[in-house]
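Have a look at the structure below before the remarks.
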Amino acid sequence: MQPLAMLLGIVLGSAVSITVALILTLIVFLFLPEFAERIGEEFPPLIQTLVVTAVLAVVSAAAFVGELQARRWRRLAQGVLALMLLLIGWWVWPEPKA
């Protein structure tokens, strides 16, 4: 296996596991209606992060499959994946304290 394919597989596995964990968290939240007012403010960030990680999983899957099958579009998928990872890093990076 090529080293890049292995790295892409690690990113793919991580993205899928985070997505599944967020889906399971959403299911637990939906089965706790008695705590709706306490966890209500958690829904928008949960849904937002779930969507981002699901898209990351799809893009990393495309990059992984493209690399394994040596498709012509694999570099484009890898570039989109790298851009997504940079944007996610910028999004979650904490603000410096003054």
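Ordering of the structure tokens sets the chain letters (A, B, ...); residue numbers start at 1 within each chain; ligands are numbered from 1 in the order shown.
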
Identify, with DSSP run on backbone atoms, the residues in chain A assigned to alpha helix (DSSP H), and express the list as a count of residues only.
77

inquiry  = If I take CA of Leu86 in chain A and CA of Ala70 in chain A, how far is one from the other in Å, to one decimal?
reply    =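 Computing it gives 24.2 Å between the two atoms.
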
Considering only C-alpha atoms, return as a ChimeraX atom specification whatever protein or nucleic-acid residues lie within 12 Å of range 87-90 of chain A, sequence-local ones (same chain, fewer than 4 positions apart) excluded.
/A:15,48-49,52-53,55-56,80-83,94-95
